file run.tsv (TSV, C-alpha atoms and all ligand atoms)
chain	number	residue	atom	x	y	z
A	1	MET	CA	12.64	-80.89	-52.74
A	2	ARG	CA	15.12	-83.71	-52.23
A	3	ILE	CA	16.04	-85.68	-55.35
A	4	PRO	CA	16.23	-89.37	-54.38
A	5	LEU	CA	19.61	-91.01	-54.93
A	6	LEU	CA	19.55	-94.65	-56.03
A	7	ALA	CA	23.00	-96.11	-55.65
A	8	GLY	CA	24.48	-99.53	-56.36
A	9	ASN	CA	27.29	-100.66	-54.09
A	10	TRP	CA	28.86	-103.51	-56.01
A	11	LYS	CA	31.15	-104.44	-53.12
A	12	MET	CA	33.83	-107.01	-54.09
A	13	TYR	CA	32.04	-108.19	-57.21
A	14	LYS	CA	32.64	-107.77	-60.96
A	15	THR	CA	35.76	-108.05	-63.04
A	16	VAL	CA	36.41	-105.27	-65.54
A	17	GLY	CA	34.61	-107.16	-68.28
A	18	GLU	CA	31.63	-107.92	-66.07
A	19	ALA	CA	31.47	-104.32	-64.89
A	20	GLU	CA	31.42	-103.04	-68.46
A	21	GLU	CA	28.64	-105.46	-69.34
A	22	LEU	CA	26.53	-104.31	-66.38
A	23	VAL	CA	27.16	-100.62	-67.08
A	24	ARG	CA	26.11	-101.06	-70.71
A	25	ALA	CA	22.91	-102.82	-69.67
A	26	LEU	CA	22.12	-100.11	-67.13
A	27	LEU	CA	22.69	-97.37	-69.68
A	28	GLU	CA	20.36	-99.12	-72.09
A	29	GLY	CA	17.55	-99.24	-69.55
A	30	VAL	CA	17.93	-96.13	-67.43
A	31	GLY	CA	16.51	-93.54	-69.83
A	32	THR	CA	16.92	-89.91	-68.83
A	33	PRO	CA	15.49	-89.62	-65.33
A	34	THR	CA	14.91	-86.07	-64.11
A	35	ASP	CA	13.31	-86.74	-60.73
A	36	ARG	CA	15.96	-89.12	-59.39
A	37	GLU	CA	19.70	-89.56	-59.42
A	38	VAL	CA	21.45	-92.83	-60.24
A	39	LEU	CA	24.91	-93.89	-59.06
A	40	VAL	CA	27.06	-97.00	-59.33
A	41	CYS	CA	30.04	-97.82	-57.12
A	42	PRO	CA	32.14	-100.56	-58.74
A	43	PRO	CA	35.31	-101.97	-57.13
A	44	PHE	CA	38.47	-99.87	-57.60
A	45	THR	CA	39.83	-102.04	-60.42
A	46	ALA	CA	36.75	-101.45	-62.57
A	47	LEU	CA	36.30	-97.71	-61.90
A	48	TYR	CA	38.32	-96.49	-64.86
A	49	ALA	CA	36.58	-98.72	-67.38
A	50	ALA	CA	33.14	-97.96	-65.93
A	51	GLY	CA	33.94	-94.25	-65.85
A	52	ARG	CA	34.77	-94.18	-69.53
A	53	LEU	CA	31.40	-95.70	-70.40
A	54	LEU	CA	29.51	-93.46	-68.00
A	55	GLU	CA	31.00	-90.13	-69.05
A	56	GLY	CA	28.25	-87.75	-70.19
A	57	THR	CA	25.46	-90.17	-69.21
A	58	PRO	CA	22.78	-89.88	-66.50
A	59	ILE	CA	24.57	-92.44	-64.27
A	60	ALA	CA	27.18	-91.15	-61.85
A	61	LEU	CA	30.28	-93.00	-60.64
A	62	GLY	CA	31.44	-93.45	-57.05
A	63	GLY	CA	34.14	-95.20	-55.04
A	64	GLN	CA	33.35	-97.61	-52.21
A	65	ASP	CA	35.99	-96.21	-49.87
A	66	MET	CA	39.18	-94.15	-49.93
A	67	TYR	CA	42.09	-93.10	-47.74
A	68	HIS	CA	42.13	-89.58	-46.39
A	69	GLU	CA	45.53	-88.51	-47.77
A	70	PRO	CA	45.80	-87.17	-51.36
A	71	GLN	CA	48.96	-89.22	-52.04
A	72	GLY	CA	51.89	-90.82	-50.28
A	73	ALA	CA	53.48	-94.04	-49.10
A	74	PHE	CA	50.28	-95.82	-48.10
A	75	THR	CA	50.49	-99.23	-49.73
A	76	GLY	CA	47.18	-100.54	-50.93
A	77	ALA	CA	45.29	-97.30	-50.43
A	78	VAL	CA	43.40	-95.18	-52.96
A	79	SER	CA	43.10	-91.41	-52.60
A	80	PRO	CA	40.33	-88.88	-53.24
A	81	LEU	CA	42.43	-87.41	-56.07
A	82	MET	CA	42.62	-90.81	-57.73
A	83	LEU	CA	38.87	-91.28	-57.46
A	84	ARG	CA	38.29	-87.88	-59.03
A	85	ASP	CA	40.80	-88.72	-61.75
A	86	VAL	CA	38.75	-91.71	-62.97
A	87	GLY	CA	35.47	-89.80	-62.96
A	88	CYS	CA	34.03	-90.37	-59.49
A	89	THR	CA	31.77	-87.70	-58.05
A	90	TYR	CA	30.70	-89.69	-54.98
A	91	VAL	CA	32.41	-91.92	-52.44
A	92	ILE	CA	30.93	-94.27	-49.86
A	93	ILE	CA	32.49	-93.75	-46.45
A	94	GLY	CA	32.20	-95.79	-43.28
A	95	HIS	CA	30.26	-98.72	-44.71
A	96	SER	CA	29.60	-101.23	-41.92
A	97	GLU	CA	31.76	-103.79	-43.75
A	98	ARG	CA	34.65	-101.33	-43.61
A	99	ARG	CA	33.99	-100.76	-39.92
A	100	GLN	CA	33.63	-104.49	-39.21
A	101	TYR	CA	36.39	-106.07	-41.33
A	102	PHE	CA	38.87	-103.25	-41.89
A	103	GLY	CA	38.71	-101.44	-38.59
A	104	ASP	CA	37.33	-98.10	-39.79
A	105	THR	CA	36.48	-96.05	-36.71
A	106	ASP	CA	34.25	-93.00	-36.37
A	107	GLU	CA	37.40	-90.89	-36.27
A	108	MET	CA	38.66	-92.37	-39.55
A	109	VAL	CA	35.23	-91.89	-41.08
A	110	ASN	CA	35.34	-88.23	-40.09
A	111	ARG	CA	38.82	-87.78	-41.58
A	112	LYS	CA	37.77	-89.43	-44.83
A	113	LEU	CA	34.65	-87.29	-44.96
A	114	HIS	CA	36.69	-84.11	-44.67
A	115	ALA	CA	39.14	-85.36	-47.30
A	116	ALA	CA	36.32	-86.22	-49.70
A	117	LEU	CA	34.79	-82.76	-49.27
A	118	ALA	CA	38.15	-81.05	-49.68
A	119	HIS	CA	38.62	-82.80	-53.03
A	120	GLY	CA	35.14	-82.20	-54.41
A	121	LEU	CA	33.73	-85.68	-53.81
A	122	ARG	CA	30.28	-86.09	-52.31
A	123	PRO	CA	30.54	-88.45	-49.36
A	124	ILE	CA	27.85	-91.00	-48.61
A	125	MET	CA	28.38	-91.60	-44.93
A	126	CYS	CA	27.02	-94.93	-43.71
A	127	VAL	CA	25.67	-95.46	-40.23
A	128	GLY	CA	23.74	-98.32	-38.65
A	129	GLU	CA	23.35	-100.53	-35.62
A	130	SER	CA	23.96	-104.26	-35.16
A	131	LYS	CA	21.31	-106.80	-34.20
A	132	PRO	CA	22.43	-107.08	-30.54
A	133	GLN	CA	22.43	-103.28	-30.30
A	134	ARG	CA	18.89	-103.09	-31.69
A	135	ASP	CA	17.70	-105.90	-29.41
A	136	ALA	CA	19.17	-104.04	-26.45
A	137	GLY	CA	17.22	-100.91	-27.39
A	138	GLN	CA	20.40	-99.00	-28.28
A	139	ALA	CA	19.83	-98.54	-32.02
A	140	GLU	CA	19.00	-94.86	-31.85
A	141	ASP	CA	21.86	-93.98	-29.49
A	142	ILE	CA	24.38	-95.84	-31.66
A	143	VAL	CA	23.24	-94.21	-34.88
A	144	VAL	CA	23.05	-90.73	-33.36
A	145	ALA	CA	26.59	-91.14	-31.99
A	146	GLN	CA	27.87	-92.26	-35.42
A	147	VAL	CA	26.20	-89.30	-37.11
A	148	ARG	CA	27.63	-86.79	-34.62
A	149	ALA	CA	31.15	-88.25	-34.72
A	150	GLY	CA	31.21	-88.65	-38.49
A	151	LEU	CA	30.09	-85.07	-39.08
A	152	LYS	CA	32.49	-83.49	-36.57
A	153	ASP	CA	33.63	-80.04	-37.80
A	154	VAL	CA	31.67	-80.28	-41.04
A	155	THR	CA	30.12	-76.89	-41.87
A	156	ALA	CA	26.55	-76.20	-42.94
A	157	THR	CA	27.79	-75.27	-46.41
A	158	GLN	CA	29.69	-78.55	-46.68
A	159	MET	CA	26.57	-80.42	-45.52
A	160	GLN	CA	24.98	-79.61	-48.86
A	161	GLN	CA	27.37	-82.15	-50.41
A	162	VAL	CA	26.84	-84.86	-47.82
A	163	VAL	CA	24.53	-87.86	-48.10
A	164	ILE	CA	23.86	-90.12	-45.13
A	165	ALA	CA	22.95	-93.78	-45.61
A	166	TYR	CA	21.16	-95.58	-42.80
A	167	GLU	CA	22.09	-99.24	-43.13
A	168	PRO	CA	21.10	-101.43	-40.19
A	169	ILE	CA	23.79	-104.12	-40.14
A	170	TRP	CA	21.30	-106.92	-39.51
A	171	ALA	CA	19.48	-106.02	-42.75
A	172	ILE	CA	22.57	-106.12	-44.99
A	173	GLY	CA	22.70	-109.16	-47.26
A	174	THR	CA	20.18	-111.01	-45.11
A	175	GLY	CA	16.92	-110.44	-46.95
A	176	ASP	CA	15.68	-109.19	-43.58
A	177	THR	CA	14.90	-105.56	-44.43
A	178	ALA	CA	13.82	-102.96	-41.90
A	179	THR	CA	10.10	-102.26	-42.03
A	180	PRO	CA	9.30	-98.98	-43.77
A	181	GLN	CA	8.07	-97.69	-40.38
A	182	ASP	CA	11.27	-98.62	-38.51
A	183	ALA	CA	13.42	-97.14	-41.27
A	184	GLN	CA	11.31	-93.97	-41.31
A	185	ALA	CA	11.67	-93.60	-37.53
A	186	MET	CA	15.46	-93.78	-37.72
A	187	HIS	CA	15.64	-91.43	-40.71
A	188	ALA	CA	13.50	-88.90	-38.85
A	189	THR	CA	15.86	-89.20	-35.88
A	190	ILE	CA	18.90	-88.59	-38.08
A	191	ARG	CA	17.23	-85.55	-39.63
A	192	ARG	CA	16.36	-84.20	-36.18
A	193	VAL	CA	19.98	-84.54	-35.02
A	194	VAL	CA	21.18	-82.73	-38.14
A	195	SER	CA	18.54	-80.05	-37.61
A	196	GLU	CA	19.64	-79.51	-34.00
A	197	HIS	CA	23.19	-78.99	-35.16
A	198	TYR	CA	22.79	-77.25	-38.52
A	199	GLY	CA	19.28	-75.82	-38.51
A	200	GLU	CA	16.08	-76.92	-40.19
A	201	GLU	CA	16.95	-75.75	-43.70
A	202	THR	CA	20.11	-77.86	-43.90
A	203	ALA	CA	18.31	-80.83	-42.35
A	204	GLN	CA	15.45	-80.59	-44.85
A	205	SER	CA	17.79	-80.59	-47.81
A	206	LEU	CA	19.89	-83.53	-46.56
A	207	ARG	CA	19.36	-86.78	-48.42
A	208	ILE	CA	19.16	-89.86	-46.23
A	209	GLN	CA	19.32	-93.17	-48.08
A	210	TYR	CA	18.17	-96.49	-46.72
A	211	GLY	CA	20.27	-99.61	-47.27
A	212	GLY	CA	19.84	-103.24	-46.30
A	213	SER	CA	18.16	-105.83	-48.50
A	214	VAL	CA	16.47	-103.29	-50.77
A	215	LYS	CA	14.85	-105.31	-53.57
A	216	PRO	CA	12.43	-104.70	-56.45
A	217	ASP	CA	9.56	-105.98	-54.30
A	218	ASN	CA	10.11	-103.76	-51.26
A	219	VAL	CA	11.54	-100.57	-52.75
A	220	ASP	CA	8.18	-98.92	-53.45
A	221	ASP	CA	6.98	-99.23	-49.84
A	222	LEU	CA	10.31	-98.03	-48.47
A	223	MET	CA	10.53	-95.01	-50.77
A	224	ALA	CA	6.95	-94.00	-49.89
A	225	GLN	CA	8.22	-92.94	-46.44
A	226	PRO	CA	8.72	-89.19	-46.19
A	227	ASP	CA	12.27	-89.24	-44.86
A	228	LEU	CA	13.68	-91.95	-47.16
A	229	ASP	CA	15.48	-90.21	-50.01
A	230	GLY	CA	16.83	-93.09	-51.99
A	231	ALA	CA	18.53	-96.42	-51.49
A	232	LEU	CA	22.02	-97.86	-51.20
A	233	VAL	CA	21.70	-101.26	-52.78
A	234	GLY	CA	24.09	-104.22	-52.55
A	235	GLY	CA	23.01	-107.60	-53.93
A	236	ALA	CA	20.15	-106.32	-56.08
A	237	SER	CA	22.45	-103.82	-57.81
A	238	LEU	CA	24.54	-106.57	-59.40
A	239	LYS	CA	21.96	-107.36	-62.06
A	240	ALA	CA	20.65	-104.73	-64.46
A	241	GLU	CA	17.06	-105.89	-64.30
A	242	SER	CA	16.71	-105.69	-60.52
A	243	PHE	CA	18.67	-102.45	-60.13
A	244	LEU	CA	16.73	-100.75	-62.91
A	245	ARG	CA	13.46	-101.76	-61.25
A	246	ILE	CA	14.73	-100.24	-58.01
A	247	VAL	CA	15.74	-97.06	-59.85
A	248	GLN	CA	12.25	-96.92	-61.31
A	249	PHE	CA	10.54	-97.15	-57.92
A	250	ARG	CA	7.01	-95.82	-57.70
A	251	SER	CA	5.73	-94.26	-54.53
B	301	LIG	P1	22.31	-105.59	-49.61
B	301	LIG	O1	21.41	-104.77	-50.49
B	301	LIG	O2	22.96	-106.74	-50.31
B	301	LIG	O3	21.60	-105.99	-48.33
B	301	LIG	O4	23.53	-104.64	-49.17
B	301	LIG	C1	23.25	-103.39	-48.66
B	301	LIG	C2	24.51	-102.62	-48.56
B	301	LIG	O5	25.37	-102.93	-47.77
B	301	LIG	C3	24.71	-101.48	-49.48
B	301	LIG	O6	25.78	-100.73	-49.12
call {"tool": "encode", "arguments": {"input": "run.tsv", "output": "structure tokens"}}
result
Amino acid sequence: MRIPLLAGNWKMYKTVGEAEELVRALLEGVGTPTDREVLVCPPFTALYAAGRLLEGTPIALGGQDMYHEPQGAFTGAVSPLMLRDVGCTYVIIGHSERRQYFGDTDEMVNRKLHAALAHGLRPIMCVGESKPQRDAGQAEDIVVAQVRAGLKDVTATQMQQVVIAYEPIWAIGTGDTATPQDAQAMHATIRRVVSEHYGEETAQSLRIQYGGSVKPDNVDDLMAQPDLDGALVGGASLKAESFLRIVQFRS
């Protein structure tokens, strides 16, 4: 049984005050879910404040990225230790915006993944193809290559901590979501690749989230697919009402 993980990636939105306001509203509406897990990933500057409000509640805290070293002279970077220190239990790694605007490569993603695992953070590793890649019929090859490279030298035991998020780049922030069938096909492919490498048991327990224009009005259909184990939500996670509706998906 895989417990779906509904995660909000707030990206570069929310001041500390705004983050606190959103966290309070989420806490008011979330209840005590037992059949799903809820996570928010505020920007670095708001993590501490959000973490204080979230301590001991059903909502977990995550970072949106991190550097792979625990500390050192790396101006501007934030380490896995620092994320743990403010209450994070998850960290998003290899988001397509990191890959596109900040030059994160598969090799960097793999290093960060190992660093997250070494410091007790659960990595959410993002993979996904661009529109030209999909149009050229390369979507599966691209995603499979990202999965293999990102998971290099990760053990089956460590895989129990890993979440993969399939986020087709063309669906991010566009309102143009993947159809439930297309998403399901890619999720099944990812699970097959993991099964080939780690065995069926590990593959069956792996959670694979879908991300890319997940909204209150499409979440139910997406989550009804057998291999979709939650959502990584951008825009619709910035308001309590829409994120709570996504958290309360019915399938
Ligand atoms: P949107 O939900 O805004 O399309 O963003 C998805 C995403 O990138 C989550 O990480």
call {"tool": "closest_atom_pairs", "arguments": {"input": "run.tsv", "of": "chain A", "to": "ligand LIG 301 (chain B)", "cutoff": "6 Å", "atoms": "all atoms listed in the file", "output": "tab-separated table"}}
result
residue	atom	partner	partner_atom	distance
A:Asn9	CA	B:LIG301	O6	5.2
A:Ala171	CA	B:LIG301	O3	6.0
A:Ile172	CA	B:LIG301	O3	3.5
A:Gly173	CA	B:LIG301	O3	3.5
A:Gly211	CA	B:LIG301	C1	5.0
A:Gly212	CA	B:LIG301	O3	3.8
A:Ser213	CA	B:LIG301	O3	3.4
A:Val214	CA	B:LIG301	O1	5.2
A:Leu232	CA	B:LIG301	C3	4.8
A:Val233	CA	B:LIG301	O1	4.2
A:Gly234	CA	B:LIG301	O1	3.4
A:Gly235	CA	B:LIG301	O2	3.7
A:Ala236	CA	B:LIG301	O1	5.9
call {"tool": "closest_residue", "arguments": {"input": "run.tsv", "among": "A:Ile124, A:Ala19, A:Val38, A:Val144", "to": "Phe249 (chain A)", "atoms": "only C-alpha atoms"}}
result
A:Val38
call {"tool": "residues_around", "arguments": {"input": "run.tsv", "residues": "region 177-183 of chain A", "least_positions_apart": "6", "cutoff": "9 Å", "atoms": "all atoms listed in the file", "output": "list in words"}}
result
Tyr166, Pro168, Trp170, Ala171, Tyr210, Gly211, Gly212, Ser213, Val214, Asn218, Asp221, Leu222, Met223, Ala224, Gln225, Asp227 and Leu228 of chain A
call {"tool": "closest_residue", "arguments": {"input": "run.tsv", "among": "A:Cys88, A:Ala165, A:Ala145, A:Leu81", "to": "Ala118 (chain A)", "atoms": "only C-alpha atoms"}}
result
A:Leu81
call {"tool": "atom_distance", "arguments": {"input": "run.tsv", "atom1": "CA of Tyr198 (chain A)", "atom2": "CA of Thr155 (chain A)"}}
result
8.1 Å
call {"tool": "closest_residue", "arguments": {"input": "run.tsv", "among": "A:Ile3, A:Leu26, A:Ala185, A:Ala156", "to": "Ala203 (chain A)", "atoms": "all atoms listed in the file"}}
result
A:Ala156
call {"tool": "atom_distance", "arguments": {"input": "run.tsv", "atom1": "CA of Ala136 (chain A)", "atom2": "CA of Met186 (chain A)"}}
result
15.7 Å
call {"tool": "closest_atom_pairs", "arguments": {"input": "run.tsv", "of": "region 2-88 of chain A", "to": "region 98-116 of chain A", "cutoff": "7 Å", "atoms": "all atoms listed in the file", "output": "JSON lines"}}
result
{"residue": "A:Tyr67", "atom": "CA", "partner": "A:Lys112", "partner_atom": "CA", "distance": 6.4}
{"residue": "A:His68", "atom": "CA", "partner": "A:Lys112", "partner_atom": "CA", "distance": 4.6}
{"residue": "A:Pro80", "atom": "CA", "partner": "A:Ala116", "partner_atom": "CA", "distance": 6.0}
call {"tool": "closest_residue", "arguments": {"input": "run.tsv", "among": "A:His119, A:Leu238, A:Leu54, A:Val86", "to": "Pro70 (chain A)", "atoms": "only C-alpha atoms"}}
result
A:His119
call {"tool": "closest_residue", "arguments": {"input": "run.tsv", "among": "A:Arg24, A:Lys215, A:Asp135, A:Thr75", "to": "Thr174 (chain A)", "atoms": "all atoms listed in the file"}}
result
A:Lys215
call {"tool": "closest_residue", "arguments": {"input": "run.tsv", "among": "A:Ile92, A:Leu117, A:Ala77, A:Val30", "to": "Lys11 (chain A)", "atoms": "only C-alpha atoms"}}
result
A:Ile92
call {"tool": "residues_near_point", "arguments": {"input": "run.tsv", "point": "(28.5, -108.6, -66.5)", "cutoff": "12 Å", "atoms": "only C-alpha atoms", "output": "list in words"}}
result
Trp10, Tyr13, Lys14, Thr15, Val16, Gly17, Glu18, Ala19, Glu20, Glu21, Leu22, Val23, Arg24, Ala25, Leu26, Pro42, Ala46, Ala50, Ser237, Leu238, Lys239, Ala240 and Glu241 of chain A
call {"tool": "write_last_selection", "arguments": {"input": "run.tsv", "atoms": "C-alpha atoms", "output": "compact mmCIF listing (two decimals), in the coordinates of the input"}}
result
# COMPACT_ATOMS: atom_id res chain seq x y z
CA TRP A 10 28.86 -103.51 -56.01
CA TYR A 13 32.04 -108.19 -57.21
CA LYS A 14 32.64 -107.77 -60.96
CA THR A 15 35.76 -108.05 -63.04
CA VAL A 16 36.41 -105.27 -65.54
CA GLY A 17 34.61 -107.16 -68.28
CA GLU A 18 31.63 -107.92 -66.07
CA ALA A 19 31.47 -104.32 -64.89
CA GLU A 20 31.42 -103.04 -68.46
CA GLU A 21 28.64 -105.46 -69.34
CA LEU A 22 26.53 -104.31 -66.38
CA VAL A 23 27.16 -100.62 -67.08
CA ARG A 24 26.11 -101.06 -70.71
CA ALA A 25 22.91 -102.82 -69.67
CA LEU A 26 22.12 -100.11 -67.13
CA PRO A 42 32.14 -100.56 -58.74
CA ALA A 46 36.75 -101.45 -62.57
CA ALA A 50 33.14 -97.96 -65.93
CA SER A 237 22.45 -103.82 -57.81
CA LEU A 238 24.54 -106.57 -59.40
CA LYS A 239 21.96 -107.36 -62.06
CA ALA A 240 20.65 -104.73 -64.46
CA GLU A 241 17.06 -105.89 -64.30
